[in-house]
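Enquirer: Quick one, coords-v7.cif (mmCIF, C-alpha atoms, pLDDT in the B column; chains and numbers go by the auth columns):
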data_upload
loop_
_atom_site.group_PDB
_atom_site.id
_atom_site.type_symbol
_atom_site.label_atom_id
_atom_site.label_comp_id
_atom_site.label_asym_id
_atom_site.label_seq_id
_atom_site.Cartn_x
_atom_site.Cartn_y
_atom_site.Cartn_z
_atom_site.B_iso_or_equiv
_atom_site.auth_seq_id
_atom_site.auth_asym_id
ATOM 1 C CA MET A 1 100.539 252.791 252.702 56.00 27 A
ATOM 2 C CA SER A 2 103.827 253.293 254.541 61.00 28 A
ATOM 3 C CA LYS A 3 104.163 252.494 258.208 75.00 29 A
ATOM 4 C CA LEU A 4 104.593 255.417 260.591 73.00 30 A
ATOM 5 C CA PRO A 5 108.235 255.637 261.727 80.00 31 A
ATOM 6 C CA ASN A 6 108.996 255.010 265.392 89.00 32 A
ATOM 7 C CA LEU A 7 110.600 258.449 265.839 93.00 33 A
ATOM 8 C CA LEU A 8 108.690 261.536 264.720 94.00 34 A
ATOM 9 C CA SER A 9 109.777 265.150 264.324 95.00 35 A
ATOM 10 C CA ILE A 10 107.942 267.865 266.203 96.00 36 A
ATOM 11 C CA GLY A 11 106.262 268.883 262.937 95.00 37 A
ATOM 12 C CA GLU A 12 105.031 265.341 262.307 96.00 38 A
ATOM 13 C CA VAL A 13 103.679 265.037 265.854 96.00 39 A
ATOM 14 C CA SER A 14 101.977 268.405 265.563 96.00 40 A
ATOM 15 C CA HIS A 15 100.412 267.484 262.235 96.00 41 A
ATOM 16 C CA ARG A 16 99.226 264.028 263.355 94.00 42 A
ATOM 17 C CA SER A 17 97.943 265.137 266.773 94.00 43 A
ATOM 18 C CA GLY A 18 96.541 268.561 265.920 95.00 44 A
ATOM 19 C CA VAL A 19 98.543 270.021 268.815 96.00 45 A
ATOM 20 C CA ALA A 20 100.575 273.142 268.066 96.00 46 A
ATOM 21 C CA GLN A 21 104.349 272.857 268.224 96.00 47 A
ATOM 22 C CA THR A 22 104.428 275.499 270.956 97.00 48 A
ATOM 23 C CA ALA A 23 102.053 273.374 273.034 96.00 49 A
ATOM 24 C CA LEU A 24 104.237 270.310 272.472 97.00 50 A
ATOM 25 C CA ARG A 25 107.254 272.205 273.798 97.00 51 A
ATOM 26 C CA PHE A 26 105.180 273.423 276.752 97.00 52 A
ATOM 27 C CA TYR A 27 103.946 269.896 277.542 96.00 53 A
ATOM 28 C CA GLU A 28 107.529 268.698 277.372 95.00 54 A
ATOM 29 C CA GLU A 29 108.684 271.431 279.765 95.00 55 A
ATOM 30 C CA ARG A 30 105.917 270.347 282.161 94.00 56 A
ATOM 31 C CA GLY A 31 107.008 266.702 281.954 92.00 57 A
ATOM 32 C CA LEU A 32 103.820 265.466 280.279 93.00 58 A
ATOM 33 C CA ILE A 33 105.670 264.177 277.221 94.00 59 A
ATOM 34 C CA ARG A 34 109.314 263.643 276.411 92.00 60 A
ATOM 35 C CA SER A 35 111.562 263.661 273.393 94.00 61 A
ATOM 36 C CA THR A 36 115.093 262.736 272.488 92.00 62 A
ATOM 37 C CA ARG A 37 117.499 264.887 270.509 92.00 63 A
ATOM 38 C CA THR A 38 119.284 264.185 267.269 89.00 64 A
ATOM 39 C CA GLY A 39 122.932 265.064 266.686 91.00 65 A
ATOM 40 C CA GLY A 40 121.639 268.344 265.221 92.00 66 A
ATOM 41 C CA ASN A 41 119.659 268.979 268.459 90.00 67 A
ATOM 42 C CA GLN A 42 116.276 268.402 266.817 93.00 68 A
ATOM 43 C CA ARG A 43 113.469 266.897 268.868 94.00 69 A
ATOM 44 C CA ARG A 44 112.322 263.371 268.096 95.00 70 A
ATOM 45 C CA TYR A 45 109.270 261.865 269.731 95.00 71 A
ATOM 46 C CA GLU A 46 108.474 258.189 270.007 92.00 72 A
ATOM 47 C CA ARG A 47 105.283 257.250 268.178 91.00 73 A
ATOM 48 C CA GLN A 48 103.508 256.455 271.465 90.00 74 A
ATOM 49 C CA VAL A 49 103.539 260.198 272.272 93.00 75 A
ATOM 50 C CA LEU A 50 100.496 260.483 269.998 93.00 76 A
ATOM 51 C CA ARG A 51 98.521 258.376 272.480 90.00 77 A
ATOM 52 C CA ARG A 52 99.733 260.474 275.404 91.00 78 A
ATOM 53 C CA LEU A 53 98.641 263.621 273.563 94.00 79 A
ATOM 54 C CA ALA A 54 95.208 262.124 272.900 91.00 80 A
ATOM 55 C CA PHE A 55 95.023 261.317 276.619 89.00 81 A
ATOM 56 C CA ILE A 56 96.012 264.883 277.561 92.00 82 A
ATOM 57 C CA ARG A 57 93.438 266.423 275.230 93.00 83 A
ATOM 58 C CA ALA A 58 90.648 264.108 276.443 88.00 84 A
ATOM 59 C CA ALA A 59 91.498 264.895 280.074 89.00 85 A
ATOM 60 C CA GLN A 60 91.476 268.631 279.327 91.00 86 A
ATOM 61 C CA ARG A 61 88.057 268.305 277.668 88.00 87 A
ATOM 62 C CA VAL A 62 86.607 266.862 280.867 84.00 88 A
ATOM 63 C CA GLY A 63 87.996 269.825 282.793 86.00 89 A
ATOM 64 C CA LEU A 64 91.227 268.558 284.304 89.00 90 A
ATOM 65 C CA ASN A 65 94.155 270.904 284.633 92.00 91 A
ATOM 66 C CA LEU A 66 97.690 270.051 283.554 93.00 92 A
ATOM 67 C CA GLU A 67 98.785 269.316 287.122 93.00 93 A
ATOM 68 C CA GLN A 68 96.081 266.662 287.483 91.00 94 A
ATOM 69 C CA ILE A 69 96.920 265.264 284.067 91.00 95 A
ATOM 70 C CA GLY A 70 100.607 265.135 284.970 92.00 96 A
ATOM 71 C CA GLU A 71 99.808 263.264 288.179 91.00 97 A
ATOM 72 C CA ALA A 72 97.795 260.730 286.197 88.00 98 A
ATOM 73 C CA LEU A 73 100.492 260.274 283.561 88.00 99 A
ATOM 74 C CA ALA A 74 103.095 259.855 286.311 89.00 100 A
ATOM 75 C CA THR A 75 101.348 256.623 287.309 88.00 101 A
ATOM 76 C CA LEU A 76 102.213 255.152 283.913 85.00 102 A
ATOM 77 C CA PRO A 77 105.657 253.934 282.869 79.00 103 A
ATOM 78 C CA GLU A 78 107.550 256.523 280.786 75.00 104 A
ATOM 79 C CA ASP A 79 107.477 254.372 277.668 71.00 105 A
ATOM 80 C CA HIS A 80 103.853 253.362 278.115 72.00 106 A
ATOM 81 C CA ALA A 81 101.203 254.668 275.750 77.00 107 A
ATOM 82 C CA PRO A 82 97.965 255.070 277.744 81.00 108 A
ATOM 83 C CA THR A 83 95.439 252.363 276.940 83.00 109 A
ATOM 84 C CA LYS A 84 91.675 252.230 277.251 85.00 110 A
ATOM 85 C CA ALA A 85 92.158 250.312 280.525 88.00 111 A
ATOM 86 C CA ASP A 86 94.444 253.108 281.824 85.00 112 A
ATOM 87 C CA TRP A 87 91.841 255.724 280.911 82.00 113 A
ATOM 88 C CA THR A 88 89.100 253.708 282.643 87.00 114 A
ATOM 89 C CA ARG A 89 91.174 253.287 285.810 86.00 115 A
ATOM 90 C CA LEU A 90 92.267 256.921 285.957 84.00 116 A
ATOM 91 C CA SER A 91 88.874 258.368 285.036 83.00 117 A
ATOM 92 C CA ARG A 92 87.319 256.587 288.025 85.00 118 A
ATOM 93 C CA THR A 93 89.484 258.709 290.312 82.00 119 A
ATOM 94 C CA TRP A 94 88.124 261.883 288.716 85.00 120 A
ATOM 95 C CA ARG A 95 84.448 260.918 288.874 87.00 121 A
ATOM 96 C CA ASP A 96 83.666 262.489 292.288 85.00 122 A
ATOM 97 C CA GLU A 97 85.365 265.742 291.318 83.00 123 A
ATOM 98 C CA LEU A 98 83.502 265.888 288.013 86.00 124 A
ATOM 99 C CA ASP A 99 80.186 265.129 289.750 90.00 125 A
ATOM 100 C CA ALA A 100 80.861 267.997 292.192 88.00 126 A
ATOM 101 C CA ARG A 101 81.621 270.348 289.278 86.00 127 A
ATOM 102 C CA ILE A 102 78.423 269.301 287.500 88.00 128 A
ATOM 103 C CA ASP A 103 76.422 269.883 290.682 90.00 129 A
ATOM 104 C CA GLY A 104 78.038 273.301 291.129 85.00 130 A
ATOM 105 C CA LEU A 105 77.307 274.292 287.532 86.00 131 A
ATOM 106 C CA GLN A 106 73.686 273.176 287.856 87.00 132 A
ATOM 107 C CA ARG A 107 73.298 275.269 291.034 81.00 133 A
ATOM 108 C CA LEU A 108 74.942 278.212 289.268 77.00 134 A
ATOM 109 C CA ARG A 109 72.540 277.825 286.337 79.00 135 A
ATOM 110 C CA ASP A 110 69.523 277.632 288.657 76.00 136 A
ATOM 111 C CA ASN A 111 70.630 280.664 290.695 70.00 137 A
ATOM 112 C CA LEU A 112 71.667 282.693 287.665 68.00 138 A
ATOM 113 C CA THR A 113 68.138 283.045 286.335 63.00 139 A
ATOM 114 C CA GLY A 114 66.815 284.248 289.668 58.00 140 A
ATOM 115 C CA CYS A 115 69.705 286.612 290.220 57.00 141 A
ATOM 116 C CA ILE A 116 69.519 288.262 286.824 53.00 142 A
ATOM 117 C CA GLY A 117 65.733 288.329 287.102 50.00 143 A
ATOM 118 C CA CYS A 118 65.697 290.264 290.358 53.00 144 A
ATOM 119 C CA GLY A 119 68.471 292.628 289.306 51.00 145 A
ATOM 120 C CA CYS A 120 69.767 293.201 292.834 56.00 146 A
ATOM 121 C CA LEU A 121 73.207 291.601 292.579 56.00 147 A
ATOM 122 C CA SER A 122 73.457 292.193 296.323 57.00 148 A
ATOM 123 C CA LEU A 123 76.712 290.979 297.770 54.00 149 A
ATOM 124 C CA ARG A 124 74.850 290.352 301.009 55.00 150 A
ATOM 125 C CA THR A 125 72.278 287.939 299.680 59.00 151 A
ATOM 126 C CA CYS A 126 73.344 287.021 296.149 62.00 152 A
ATOM 127 C CA ALA A 127 74.054 283.311 295.778 60.00 153 A
ATOM 128 C CA LEU A 128 76.477 284.031 292.927 61.00 154 A
ATOM 129 C CA ASN A 129 78.640 286.743 294.487 59.00 155 A
ATOM 130 C CA ASN A 130 78.278 285.674 298.105 56.00 156 A
ATOM 131 C CA PRO A 131 77.408 281.985 298.382 61.00 157 A
ATOM 132 C CA ASP A 132 76.089 280.921 301.789 62.00 158 A
ATOM 133 C CA ASP A 133 76.049 284.595 302.849 62.00 159 A
ATOM 134 C CA GLU A 134 79.691 284.334 303.971 64.00 160 A
ATOM 135 C CA LEU A 135 80.265 288.108 303.899 62.00 161 A
ATOM 136 C CA ALA A 136 77.116 289.170 305.761 64.00 162 A
ATOM 137 C CA GLU A 137 79.072 290.018 308.910 70.00 163 A
ATOM 138 C CA PHE A 138 80.790 292.840 306.975 70.00 164 A
ATOM 139 C CA GLY A 139 77.512 294.507 306.020 66.00 165 A
ATOM 140 C CA PRO A 140 75.958 295.227 302.627 63.00 166 A
ATOM 141 C CA GLY A 141 77.820 296.266 299.520 59.00 167 A
ATOM 142 C CA SER A 142 81.278 295.470 298.195 60.00 168 A
ATOM 143 C CA SER A 143 82.888 294.457 301.460 59.00 169 A
ATOM 144 C CA ARG A 144 85.927 292.958 299.741 60.00 170 A
ATOM 145 C CA LEU A 145 86.608 296.162 297.845 60.00 171 A
ATOM 146 C CA ARG A 146 86.256 298.711 300.645 57.00 172 A
ATOM 147 C CA PRO A 147 88.833 298.962 303.437 60.00 173 A
ATOM 148 C CA ARG A 148 87.660 297.681 306.811 54.00 174 A
ATOM 149 C CA ALA A 149 88.050 299.870 309.874 57.00 175 A
ATOM 150 C CA ASP A 150 90.612 297.493 311.405 55.00 176 A
ATOM 151 C CA ASN A 151 92.763 297.781 308.237 50.00 177 A
ATOM 152 C CA ALA A 152 92.608 301.573 307.951 48.00 178 A
ATOM 153 C CA SER A 153 95.927 303.411 307.947 45.00 179 A
#
Could the structure of this file be written out as structure tokens, please?
Expert:
Amino acid sequence: MSKLPNLLSIGEVSHRSGVAQTALRFYEERGLIRSTRTGGNQRRYERQVLRRLAFIRAAQRVGLNLEQIGEALATLPEDHAPTKADWTRLSRTWRDELDARIDGLQRLRDNLTGCIGCGCLSLRTCALNNPDDELAEFGPGSSRLRPRADNAS
């Protein structure tokens, strides 16, 4: 079996990582990965980019957006392929946010059954459309969709 070359074309990276070439270009534009150019202006990626792509995909699967992923990758040296220790360290910083998302989704699930069951979908009291009754002061109905008296022309 031949050893993987140190520099890979965009097609090779796409094939090995399962990430579309368009996504690779997008990630590069966002600064998540980088490439060098050949004399013919073709992209070449260092082999360690495969690890960075695995890191990006894993972070996306746990619900992080590209800005958060970019911030995490920025804490690593440019030529550093993320390691298990890096993932462990960085994932600790996301734990509270993920726990809050899980809690929110569980509350949504619990309220969804009751809301659909009653059929009211009241913007005044519905926990899905109006959490914590924040819009009650504007009266019942679609207060965000109707013009308020103070905004009338």
Enquirer: What would the selection look like, as a compact mmCIF listing (two decimals) with C-alpha atoms, keeping the file's coordinate frame, if the PyMOL selection byres ((chain A and resi 110-116) around 12) were run on the coordinates I just shared?
Expert:
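Contents of the output file out.txt:
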# COMPACT_ATOMS: atom_id res chain seq x y z
CA ARG A 77 98.52 258.38 272.48
CA ARG A 78 99.73 260.47 275.40
CA ALA A 80 95.21 262.12 272.90
CA PHE A 81 95.02 261.32 276.62
CA ILE A 82 96.01 264.88 277.56
CA ALA A 84 90.65 264.11 276.44
CA ALA A 85 91.50 264.90 280.07
CA LEU A 90 91.23 268.56 284.30
CA GLN A 94 96.08 266.66 287.48
CA ILE A 95 96.92 265.26 284.07
CA GLY A 96 100.61 265.14 284.97
CA GLU A 97 99.81 263.26 288.18
CA ALA A 98 97.80 260.73 286.20
CA LEU A 99 100.49 260.27 283.56
CA ALA A 100 103.10 259.86 286.31
CA THR A 101 101.35 256.62 287.31
CA LEU A 102 102.21 255.15 283.91
CA PRO A 103 105.66 253.93 282.87
CA HIS A 106 103.85 253.36 278.12
CA ALA A 107 101.20 254.67 275.75
CA PRO A 108 97.96 255.07 277.74
CA THR A 109 95.44 252.36 276.94
CA SER A 117 88.87 258.37 285.04
CA ARG A 118 87.32 256.59 288.02
CA THR A 119 89.48 258.71 290.31
CA TRP A 120 88.12 261.88 288.72
CA ARG A 121 84.45 260.92 288.87
Enquirer: Let me know the residues the PyMOL selection byres ((chain A and resi 40-48) around 12) catches in the file above, as a ChimeraX atom specification.
Expert: /A:30,34-39,49-55,69-71,73-83
Enquirer: Between A:Leu33, A:Ala126, A:Leu131, A:Leu92, which is the closest to Glu72 in chain A once you count all atoms listed in the file?
Expert: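 Ranking A:Leu33, A:Ala126, A:Leu131, A:Leu92 by distance to Glu72 in chain A, first place goes to A:Leu33.
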Enquirer: Choose the residue, out of A:Leu58, A:Arg63, A:Gly89, A:Phe164, that has the smallest atom-to-atom separation from Arg127 in chain A; count all atoms listed in the file.
Expert: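 Ranking A:Leu58, A:Arg63, A:Gly89, A:Phe164 by distance to Arg127 in chain A, first place goes to A:Gly89.
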Enquirer: What gap, in Å, lies between CA of Asp125 in chain A and CA of Gly57 in chain A?
Expert: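 Going from CA of Asp125 in chain A over to CA of Gly57 in chain A covers 28.0 Å.
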Enquirer: Would you mind reading off the distance between CA of Thr62 in chain A and CA of Gln86 in chain A, one decimal, in Å?
Expert: 25.3 Å
Enquirer: Please determine an axis-aligned box that encloses all atoms of range 74-91 of chain A listed in the file, with 4 Å added on each side, and express its centre and edge lengths in Å to one decimal as AutoDock Vina command-line options.
Expert:
--center_x 95.1 --center_y 263.7 --center_z 277.3 --size_x 24.9 --size_y 22.4 --size_z 22.6
Enquirer: Have a look at CA of Gln68 in chain A and CA of Arg56 in chain A and let me know their distance in Å, one decimal.
Expert: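 Separating CA of Gln68 in chain A from CA of Arg56 in chain A is a distance of 18.6 Å.
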